[in-house]
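Q: The structure follows.
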Amino acid sequence: MEYEVVIGLEIHAELATKSKIYCGCTTEFGGEPNTHCCPGCIGMPGALPVLNKAVVEYAIKAGLATNCEISHYSRQDRKHYFYPDLAKAYQISQCDYPLCRNGYLEIEVNGEKKKIGITRIHIEEDAGKLIHDEYGRGTFVDYNRSGVPLIEIVTEPDMRSSAEVKAFFEKLKAILEYTAVSDCKMQEGSLRADINLSVRPKGQKEFGVRTEMKNLNSIRAIVRAVEFEAKRQILELEYGGVIERETRRWDDVKGESYSMRTKEEATDYRYMPDPDLYPIYVDQEWIEQIRATIPELPDDRKKRFISELGIPEYDASIITASKPLADFFEAAAKESKNAKAISNWVMGDLMKKLNDTGLEPSDIPFAPGNLARLVSLIDENVISGKIAKQVFDIMWETGEDPADIVEKKGLKVVTDTDAIRSVIIQVISANPKSVEDYKSGKTKAMGFLIGQIMRETKGKADPQAVNRLLKEELDKL
Amino acid sequence: MELTKLTACQAADKIRKKEISVPELTYAYLDKIIELNKKIGAYITVCGQEAEKQADIVQKKFDKNEELPLIAGIPAGINDNICTSGVLTSCGSRMLSNFVPPYDATVIKKLSQNHAVLLGKLNMDEFAMGSSNETSWYGQVKNPWDPERVPGGSGGGAAAAVASKMACFALGSDTGGSARLAASFCGVVGLRPTYGTVSRYGLVAFASSMDQAAPVTRDVADCAAVMNVIAGYDPLDSISRDSGYEDYTSFLENDVKGLKIGLPKEYFSGAVQKEVKEKVLDAAKVFESLGAEIEEISLPLFEYALPAYYIISSAEASSNLAQYDGIKYGYRAQQFEDLVDLYKKSRGEGFGEEVKRRILFGTYVLGAGNYDVFYNKALKVKRMIFEEYQNAYQKVDIILGPTAPSTAFKIGEKTVDPLDMYLIDAYTVPVNLAGLCAISLPCGFDSSGLPVGMQLIGKPYGEGTILRAAFTYEKNTGGNGGIDRGV
């Protein structure tokens with residue numbers, strides 16, 4: 001039987017505000033345990049929450065950038081459960097009256113466009129973190145993260161494949177980065193996703209029973225978890241089993257998920273409006289003020305890169321998917337006359353370096369202007385494309401200006417014909433066999449000789465000159 | 001001169017006239033505590049050394065002729081659910097029997113900034129849940145008028161300390177009537193401020209939507225003086241607001257002419273003791289003789305206030321008390337097998353019976369399927385009660401009724417059936433539900449010589465009017481001011 005996979009996401013993004021959602025403590029990542037804390041963060045008696053206005057603004061910004069309606073009235077509720085990292089034993093969240101609703105994002109997979117609905121975006125506080133002591137002295141709690149503001153973005157069950165999930169997630173991530181709502185550092189847990197997934201026979205209207213996988217913190221893990229869980233559910237059904245409504249944990253190392261708790265064990269959160277906080281009233285004027293601060297978003301930027309800078313659509317989508325990368329590219333392209341070449345470098349060597357080193361585009365260790373000047377050096381025939389790759393590697397290591405690198409290492413193209421000719425004569429006399437081959441019509445031998453000459457000149461000889469002069473010398477024989 | 005007999009205002013005057021010194025006054029209270037606390041049990045913690053030190057500091061300021069606020073140098077007791085930096089804040093519970101907050105409640109900061117002398121922390125029903133002070137982990141507070149009787153609750157320690165001269169005034173709390181009820185049983189004055197008037201920051205939460213710190217004082221003038229110190233907007237409490245009052249003492253006028261006072265018939269029928277009813281009606285006659293207009297009114301929703309209050313307050317309590325899990329601070333069971341066992345045992349051993357009863361009840365009314373049936377319905381009732389009072393205030397300026405259906409009852413008398421105990425709160429809780437303000441003050445004695453309390457209920461932010469009426473009554477009857485309430 002053919003099955004259809006149905007996927008919805010719940011995405012938690014830490015907001016990039018300076019202070020926490022209900023107090024003035026810093027949101028900075030890390031820090032000695034329990035140093036970014038006040039009585040409120042630790043859930044001490046008598047402490048009270050005071051809502052950080054910036055949190056509401058950031059969440060509204062995310063809502064506007066994802067085509068949501070902004071609620072003029074929304075409420076903060078307590079969600080109760082016991083766990084040591086949850087200091088107050090309830091999390092302040094939003095239940096029935098979220099800040100944003102009914103949004104969508106448009107994605108494109110294999111040339112097909114599709115709208116993915118966003119049910120709601122609400123604000124809530126993060127919990128602390130358990131630290132299991134490696135020497136077995138017990139478990140400790142670090143409340144530094146307690147009270148860090150989050151938005152939870154809940155989608156409609158509109159996605160049908162891991163490719164759609166990936167496209168949606170990347171799009172959303174880009175928007176959150178562009179609007180500076182979140183730094184989206186997945187390795188620090190600033191952005192994480194829960195996956196709701198069910199399968200149904202193709203053509204069936206009703207949804208199948210869904211499972212939920214919690215806290216996926218890399219795009220790779222999300223894609224793999226979706227694929228694994230879809231396969232697992234289909235196999236289960238194929239062999240006559242039933243899918244249980246349950247929460248599952250994804251083990252990224254083993255590449256499989258396992259059951260955490262079933263619906264019967266599900267907690268009754270006993271939501272209630274938080275009596276310590278007034279409802280949030282947002283008027284149209286405030287919404288418009290926030291709307292005015294939203295910068296150019298990825299789709300518009302992509303279009304502009306294609307039309308203004310003339311780079312291919314594929315390159316433009318990849319580059320604009322990451323704001324820091326697009327910023328880097330645009331800055332470099334502006335300083336250069338050859339945006340196409342810049343885009344090639346970004347798509348090729350730069351992406352490879354980022355992949356190899358695991359660094360983020362925001363961590364590129366040299367300035368965009370350096371890449372622009374590197375491209376100029378090639379275009380002005382000061383260095384060859386091959387040497388440029390060496391210069392690029394050094395730039396990555398040291399952050400130095402490419403012209404300085406070329407100067408210091410003596411990498412300039414040799415255009416002095418006398419110098420090149422003397423190397424050619426030397427190579428010809430050292431390789432009589434190849435010369436003979438060439439004379440007998442084996443043109444391949446010409447390539448070998450050029451290779452030898454380039455090796456002798458350490459790649460610095462102007463290739464065009466080498467070609468011309470070698471031909472002259474060979475013809476003389 | 002017995003220094004502890006002075007009200008705060010009288011003592012302040014004598015300090016300024018150099019007739020008495022702050023250390024003298026403080027020692028007098030500390031002596032009184034040594035003499036009586038064993039019998040009354042009003043204090044959980046006495047801060048003798050700190051009080052002496054503070055008294056010296058304040059006296060030096062007076063010696064330099066610094067201009068100081070009225071309550072400077074006045075010795076006060078603090079309810080044990082108000083956080084005091086470096087001093088045990090137990091809430092009368094084993095759960096917090098080791099909890100020393102690293103911060104002061106806003107009201108404590110304000111008292112300190114006004115140079116009051118803090119004598120110690122006062123006993124109370126556990127987490128302010130109770131009407132007789134019989135649920136405290138630290139033992140029963142006894143009524144100074146009759147040690148076999150309860151002092152009222154939950155602020156039994158506050159009222160008993162003020163009545164027995166172990167504190168010049170006290171800060172209590174009033175979520176469902178704790179300050180007023182205890183004031184009524186002990187023959188002192190207790191004021192429930194309009195919700196939001198006094199910052200809740202550092203007041204350990206019981207039912208957040210109704211909690212307020214509350215002055216417990218010898219007389220009405222002291223009450224206004226304490227309100228001047230503790231009221232005001234606090235950015236640390238989102239609900240707090242500026243009530244618009246600059247000086248509560250400016251309402252201490254001997255004048256009720258033309259004031260319309262409503263007597264709700266529901267407050268004078270049913271369970272109310274005959275003698276209590278008579279005394280309060282006598283007080284109404286006093287007001288009438290002074291030029292006030294008395295009118296009978298009806299508040300038909302009265303009977304729904306108590307159930308609505310217990311649903312809402314218990315729901316909020318179940319939420320607020322969830323943070324006491326034995327993990328971060330407070331009581332932790334010695335033996336446990338795993339995390340869930342740690343929770344169960346710590347909470348099982350740390351909380352007393354009444355607190356557990358309310359947590360269970362509150363958890364139940366918030367549960368899936370019960371929320372709309374109980375909690376949400378109670379919120380609707382609350383709204384309707386608010387509207388009923390709003391309508392009443394179209395006709396009258398203040399409402400007069402008994403604070404409690406009876407005078408102080410015997411220890412153990414109402415502990416068998418919790419519902420018996422809850423009924424004691426019937427007259428006080430509507431004020432908290434409807435967001436009103438009210439003052440309880442003595443209006444005579446029953447035949448066993450126990451004080452009877454009446455309450456004047458004002459509209460939201462109507463503190464000025466009820467203070468004026470209460471002050472006028474006190475001026476024209478002498479209140480209970482002249483009587484020594486030491487055991």
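In the structure tokens, the first chain shown is A, the next is B, and so on; residue numbers restart at 1 for each chain, and ligands run from 1 in the order shown.
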Pick out the chain A residues within 7 Å of chain B. Count only C-alpha atoms. Give them as a list in words.

A: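 Close enough to count are Gly43, Pro45, Gly46, Ala47, Leu48, Val50, Pro84, Ala87, Lys88, Ala89, Asp268, Arg270, Pro275, Asp276, Leu277 and Tyr278 of chain A.
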
Q: Would you list, as a list in words, the residues of stretch 331-454 of chain B that end up in strand (DSSP E or B) under DSSP run on this structure's backbone?

A: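 Secondary structure check on stretch 331-454 of chain B, strand (DSSP E or B): Ile398, Ile399, Leu400, Gly401, Pro402, Lys410, Cys437, Ala438, Ile439, Ser440, Leu441, Pro442, Cys443, Gly444, Phe445, Pro451, Val452, Gly453 and Met454 of chain B.
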
Q: Restricting the output to N, CA and C atoms, write the selected residues as a PDB file, in the first residue's frame.

A:
ATOM      1  N   ILE B 398     -20.368  53.323  52.246  1.00  0.00           N
ATOM      2  CA  ILE B 398     -19.660  52.192  52.836  1.00  0.00           C
ATOM      3  C   ILE B 398     -20.671  51.159  53.322  1.00  0.00           C
ATOM      4  N   ILE B 399     -20.163  49.961  53.540  1.00  0.00           N
ATOM      5  CA  ILE B 399     -21.022  48.885  54.021  1.00  0.00           C
ATOM      6  C   ILE B 399     -20.515  48.479  55.403  1.00  0.00           C
ATOM      7  N   LEU B 400     -21.465  48.281  56.325  1.00  0.00           N
ATOM      8  CA  LEU B 400     -21.099  47.930  57.703  1.00  0.00           C
ATOM      9  C   LEU B 400     -21.648  46.544  58.037  1.00  0.00           C
ATOM     10  N   GLY B 401     -20.798  45.730  58.637  1.00  0.00           N
ATOM     11  CA  GLY B 401     -21.263  44.411  59.086  1.00  0.00           C
ATOM     12  C   GLY B 401     -20.300  43.857  60.100  1.00  0.00           C
ATOM     13  N   PRO B 402     -20.636  42.719  60.699  1.00  0.00           N
ATOM     14  CA  PRO B 402     -19.682  42.085  61.602  1.00  0.00           C
ATOM     15  C   PRO B 402     -18.470  41.575  60.814  1.00  0.00           C
ATOM     16  N   LYS B 410     -13.236  28.586  71.267  1.00  0.00           N
ATOM     17  CA  LYS B 410     -12.256  27.796  72.034  1.00  0.00           C
ATOM     18  C   LYS B 410     -11.297  27.049  71.108  1.00  0.00           C
ATOM     19  N   CYS B 437     -11.897  47.308  49.819  1.00  0.00           N
ATOM     20  CA  CYS B 437     -11.064  47.487  50.995  1.00  0.00           C
ATOM     21  C   CYS B 437     -11.969  47.451  52.221  1.00  0.00           C
ATOM     22  N   ALA B 438     -11.405  47.086  53.360  1.00  0.00           N
ATOM     23  CA  ALA B 438     -12.227  47.008  54.565  1.00  0.00           C
ATOM     24  C   ALA B 438     -11.353  47.159  55.796  1.00  0.00           C
ATOM     25  N   ILE B 439     -11.945  47.731  56.816  1.00  0.00           N
ATOM     26  CA  ILE B 439     -11.211  47.856  58.080  1.00  0.00           C
ATOM     27  C   ILE B 439     -12.045  47.194  59.173  1.00  0.00           C
ATOM     28  N   SER B 440     -11.370  46.402  59.983  1.00  0.00           N
ATOM     29  CA  SER B 440     -12.046  45.806  61.132  1.00  0.00           C
ATOM     30  C   SER B 440     -11.595  46.554  62.374  1.00  0.00           C
ATOM     31  N   LEU B 441     -12.573  46.941  63.203  1.00  0.00           N
ATOM     32  CA  LEU B 441     -12.200  47.617  64.450  1.00  0.00           C
ATOM     33  C   LEU B 441     -13.138  47.174  65.558  1.00  0.00           C
ATOM     34  N   PRO B 442     -12.667  47.280  66.810  1.00  0.00           N
ATOM     35  CA  PRO B 442     -13.463  46.791  67.932  1.00  0.00           C
ATOM     36  C   PRO B 442     -14.725  47.636  68.123  1.00  0.00           C
ATOM     37  N   CYS B 443     -15.823  46.967  68.476  1.00  0.00           N
ATOM     38  CA  CYS B 443     -17.057  47.717  68.748  1.00  0.00           C
ATOM     39  C   CYS B 443     -17.737  47.200  70.010  1.00  0.00           C
ATOM     40  N   GLY B 444     -16.939  46.813  70.991  1.00  0.00           N
ATOM     41  CA  GLY B 444     -17.513  46.372  72.255  1.00  0.00           C
ATOM     42  C   GLY B 444     -17.121  44.949  72.610  1.00  0.00           C
ATOM     43  N   PHE B 445     -17.809  44.421  73.637  1.00  0.00           N
ATOM     44  CA  PHE B 445     -17.468  43.083  74.140  1.00  0.00           C
ATOM     45  C   PHE B 445     -18.722  42.243  74.284  1.00  0.00           C
ATOM     46  N   PRO B 451     -13.687  40.627  72.820  1.00  0.00           N
ATOM     47  CA  PRO B 451     -13.950  41.734  71.904  1.00  0.00           C
ATOM     48  C   PRO B 451     -14.805  41.314  70.705  1.00  0.00           C
ATOM     49  N   VAL B 452     -15.666  42.226  70.290  1.00  0.00           N
ATOM     50  CA  VAL B 452     -16.467  42.050  69.084  1.00  0.00           C
ATOM     51  C   VAL B 452     -15.872  42.992  68.029  1.00  0.00           C
ATOM     52  N   GLY B 453     -15.758  42.469  66.796  1.00  0.00           N
ATOM     53  CA  GLY B 453     -15.216  43.333  65.739  1.00  0.00           C
ATOM     54  C   GLY B 453     -16.266  43.633  64.689  1.00  0.00           C
ATOM     55  N   MET B 454     -16.214  44.855  64.172  1.00  0.00           N
ATOM     56  CA  MET B 454     -17.078  45.183  63.030  1.00  0.00           C
ATOM     57  C   MET B 454     -16.187  45.588  61.876  1.00  0.00           C
TER      58      MET B 454
END

Q: Please provide the set of residues having any atom within 8 Å of A:Ile21, restricted to only C-alpha atoms, with same-chain residues fewer than 3 positions apart removed, written as number ranges by chain.

A: A: 50-52, 55, 124-125, 147-149

Q: Find the residues around A:Thr27 up to 10 Å (only C-alpha atoms counted), leave out those fewer than 5 positions away in its own chain, and share them as number ranges by chain.

A: A: 14-21, 36-37, 144-149

Q: Quick one: write out the picked residues with C-alpha atoms as a tab-separated table (two decimals), in the first residue's frame?

A:
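Written file, part_17.tsv:
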chain	number	residue	atom	x	y	z
A	14	GLU	CA	15.10	31.50	22.23
A	15	LEU	CA	14.60	35.20	21.76
A	16	ALA	CA	17.66	37.42	21.39
A	17	THR	CA	16.56	39.86	24.10
A	18	LYS	CA	19.26	41.03	26.52
A	19	SER	CA	17.31	40.17	29.64
A	20	LYS	CA	15.00	37.36	30.64
A	21	ILE	CA	11.24	37.31	30.17
A	36	HIS	CA	22.52	34.53	35.93
A	37	CYS	CA	19.77	34.17	38.51
A	144	ASN	CA	20.87	30.20	34.35
A	145	ARG	CA	18.52	29.36	31.47
A	146	SER	CA	15.43	29.53	33.69
A	147	GLY	CA	13.34	32.43	32.45
A	148	VAL	CA	15.10	32.88	29.12
A	149	PRO	CA	12.35	33.96	26.73

Q: I want to know what sits within 7 Å of A:Leu130, based on only C-alpha atoms, with residues of the same chain fewer than 3 positions away left out; could you give that as a list in words?

A: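 The residues satisfying every condition are Asp85, Thr139, Phe140, Val141 and Asp142 of chain A.
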
Q: How would the residues just picked look written out with N, CA and C atoms as a PDB file, in the first residue's frame?

A:
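What landed in result_14.pdb:
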ATOM      1  N   ASP A  85      14.260  21.029  37.034  1.00  0.00           N
ATOM      2  CA  ASP A  85      14.748  22.196  36.296  1.00  0.00           C
ATOM      3  C   ASP A  85      13.681  23.277  36.158  1.00  0.00           C
ATOM      4  N   THR A 139      23.026  14.747  41.004  1.00  0.00           N
ATOM      5  CA  THR A 139      22.552  15.601  39.937  1.00  0.00           C
ATOM      6  C   THR A 139      22.382  17.010  40.468  1.00  0.00           C
ATOM      7  N   PHE A 140      22.827  17.984  39.684  1.00  0.00           N
ATOM      8  CA  PHE A 140      22.726  19.377  40.095  1.00  0.00           C
ATOM      9  C   PHE A 140      21.830  20.131  39.129  1.00  0.00           C
ATOM     10  N   VAL A 141      21.329  21.274  39.587  1.00  0.00           N
ATOM     11  CA  VAL A 141      20.486  22.071  38.702  1.00  0.00           C
ATOM     12  C   VAL A 141      21.131  23.432  38.466  1.00  0.00           C
ATOM     13  N   ASP A 142      21.176  23.829  37.210  1.00  0.00           N
ATOM     14  CA  ASP A 142      21.675  25.148  36.842  1.00  0.00           C
ATOM     15  C   ASP A 142      20.483  25.943  36.314  1.00  0.00           C
TER      16      ASP A 142
END

Q: Can you tell me which residues surround B:Thr194 at a distance of at most 9 Å, considering only C-alpha atoms, apart from same-chain residues fewer than 6 positions away, and format the answer as a list in words?

A: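 So the residues in contact are Gln212, Ser243, Val431, Asn432, Gly435, Leu436, Cys437, Ala438, Gly458, Lys459, Pro460, Tyr461, Gly462 and Glu463 of chain B.
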
Q: Take the residues from that selection and put them in a file with N, CA and C atoms, as a PDB file, in the first residue's frame.

A:
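Output saved as out_5.pdb:
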ATOM      1  N   GLN B 212      -2.752  40.447  49.944  1.00  0.00           N
ATOM      2  CA  GLN B 212      -2.280  41.794  50.253  1.00  0.00           C
ATOM      3  C   GLN B 212      -1.693  41.788  51.663  1.00  0.00           C
ATOM      4  N   SER B 243      -2.447  54.040  44.059  1.00  0.00           N
ATOM      5  CA  SER B 243      -3.846  54.192  44.452  1.00  0.00           C
ATOM      6  C   SER B 243      -4.260  55.660  44.472  1.00  0.00           C
ATOM      7  N   VAL B 431     -15.058  40.675  50.445  1.00  0.00           N
ATOM      8  CA  VAL B 431     -14.219  41.864  50.240  1.00  0.00           C
ATOM      9  C   VAL B 431     -13.042  41.518  49.325  1.00  0.00           C
ATOM     10  N   ASN B 432     -12.418  40.363  49.575  1.00  0.00           N
ATOM     11  CA  ASN B 432     -11.255  39.953  48.791  1.00  0.00           C
ATOM     12  C   ASN B 432     -11.655  39.570  47.378  1.00  0.00           C
ATOM     13  N   GLY B 435     -12.484  42.705  45.348  1.00  0.00           N
ATOM     14  CA  GLY B 435     -11.419  43.699  45.220  1.00  0.00           C
ATOM     15  C   GLY B 435     -11.706  44.978  45.985  1.00  0.00           C
ATOM     16  N   LEU B 436     -12.356  44.842  47.150  1.00  0.00           N
ATOM     17  CA  LEU B 436     -12.722  46.021  47.946  1.00  0.00           C
ATOM     18  C   LEU B 436     -11.684  46.251  49.031  1.00  0.00           C
ATOM     19  N   CYS B 437     -11.897  47.308  49.819  1.00  0.00           N
ATOM     20  CA  CYS B 437     -11.064  47.487  50.995  1.00  0.00           C
ATOM     21  C   CYS B 437     -11.969  47.451  52.221  1.00  0.00           C
ATOM     22  N   ALA B 438     -11.405  47.086  53.360  1.00  0.00           N
ATOM     23  CA  ALA B 438     -12.227  47.008  54.565  1.00  0.00           C
ATOM     24  C   ALA B 438     -11.353  47.159  55.796  1.00  0.00           C
ATOM     25  N   GLY B 458     -15.283  49.407  52.115  1.00  0.00           N
ATOM     26  CA  GLY B 458     -15.302  50.517  51.153  1.00  0.00           C
ATOM     27  C   GLY B 458     -15.180  50.006  49.739  1.00  0.00           C
ATOM     28  N   LYS B 459     -15.517  50.873  48.804  1.00  0.00           N
ATOM     29  CA  LYS B 459     -15.352  50.493  47.400  1.00  0.00           C
ATOM     30  C   LYS B 459     -13.860  50.444  47.068  1.00  0.00           C
ATOM     31  N   PRO B 460     -13.493  49.919  45.894  1.00  0.00           N
ATOM     32  CA  PRO B 460     -12.074  49.876  45.547  1.00  0.00           C
ATOM     33  C   PRO B 460     -11.440  51.266  45.684  1.00  0.00           C
ATOM     34  N   TYR B 461     -10.311  51.307  46.355  1.00  0.00           N
ATOM     35  CA  TYR B 461      -9.587  52.542  46.645  1.00  0.00           C
ATOM     36  C   TYR B 461     -10.388  53.496  47.526  1.00  0.00           C
ATOM     37  N   GLY B 462     -11.320  52.941  48.290  1.00  0.00           N
ATOM     38  CA  GLY B 462     -12.120  53.766  49.188  1.00  0.00           C
ATOM     39  C   GLY B 462     -11.557  53.820  50.601  1.00  0.00           C
ATOM     40  N   GLU B 463     -10.244  53.592  50.743  1.00  0.00           N
ATOM     41  CA  GLU B 463      -9.618  53.567  52.076  1.00  0.00           C
ATOM     42  C   GLU B 463      -9.872  54.865  52.846  1.00  0.00           C
TER      43      GLU B 463
END

Q: Can you tell me, as a ChimeraX atom specification, what residues are no more than 12 Å from stretch 457-469 of chain A when counting only C-alpha atoms, ignoring any on the same chain fewer than 3 positions away?

A: /A:378,380-390,406,409-428,446-454,472-476

Q: For a quick check of understanding, using only C-alpha atoms, which of B:Thr477, B:Ser112, B:Thr45, B:Ser289 has the smallest distance to B:Val87?

A: B:Thr45

Q: Residues of stretch 202-314 of chain A in alpha helix (DSSP H) according to DSSP, as number ranges by chain?

A: A: 219-238, 284-291, 298-309, 313-314
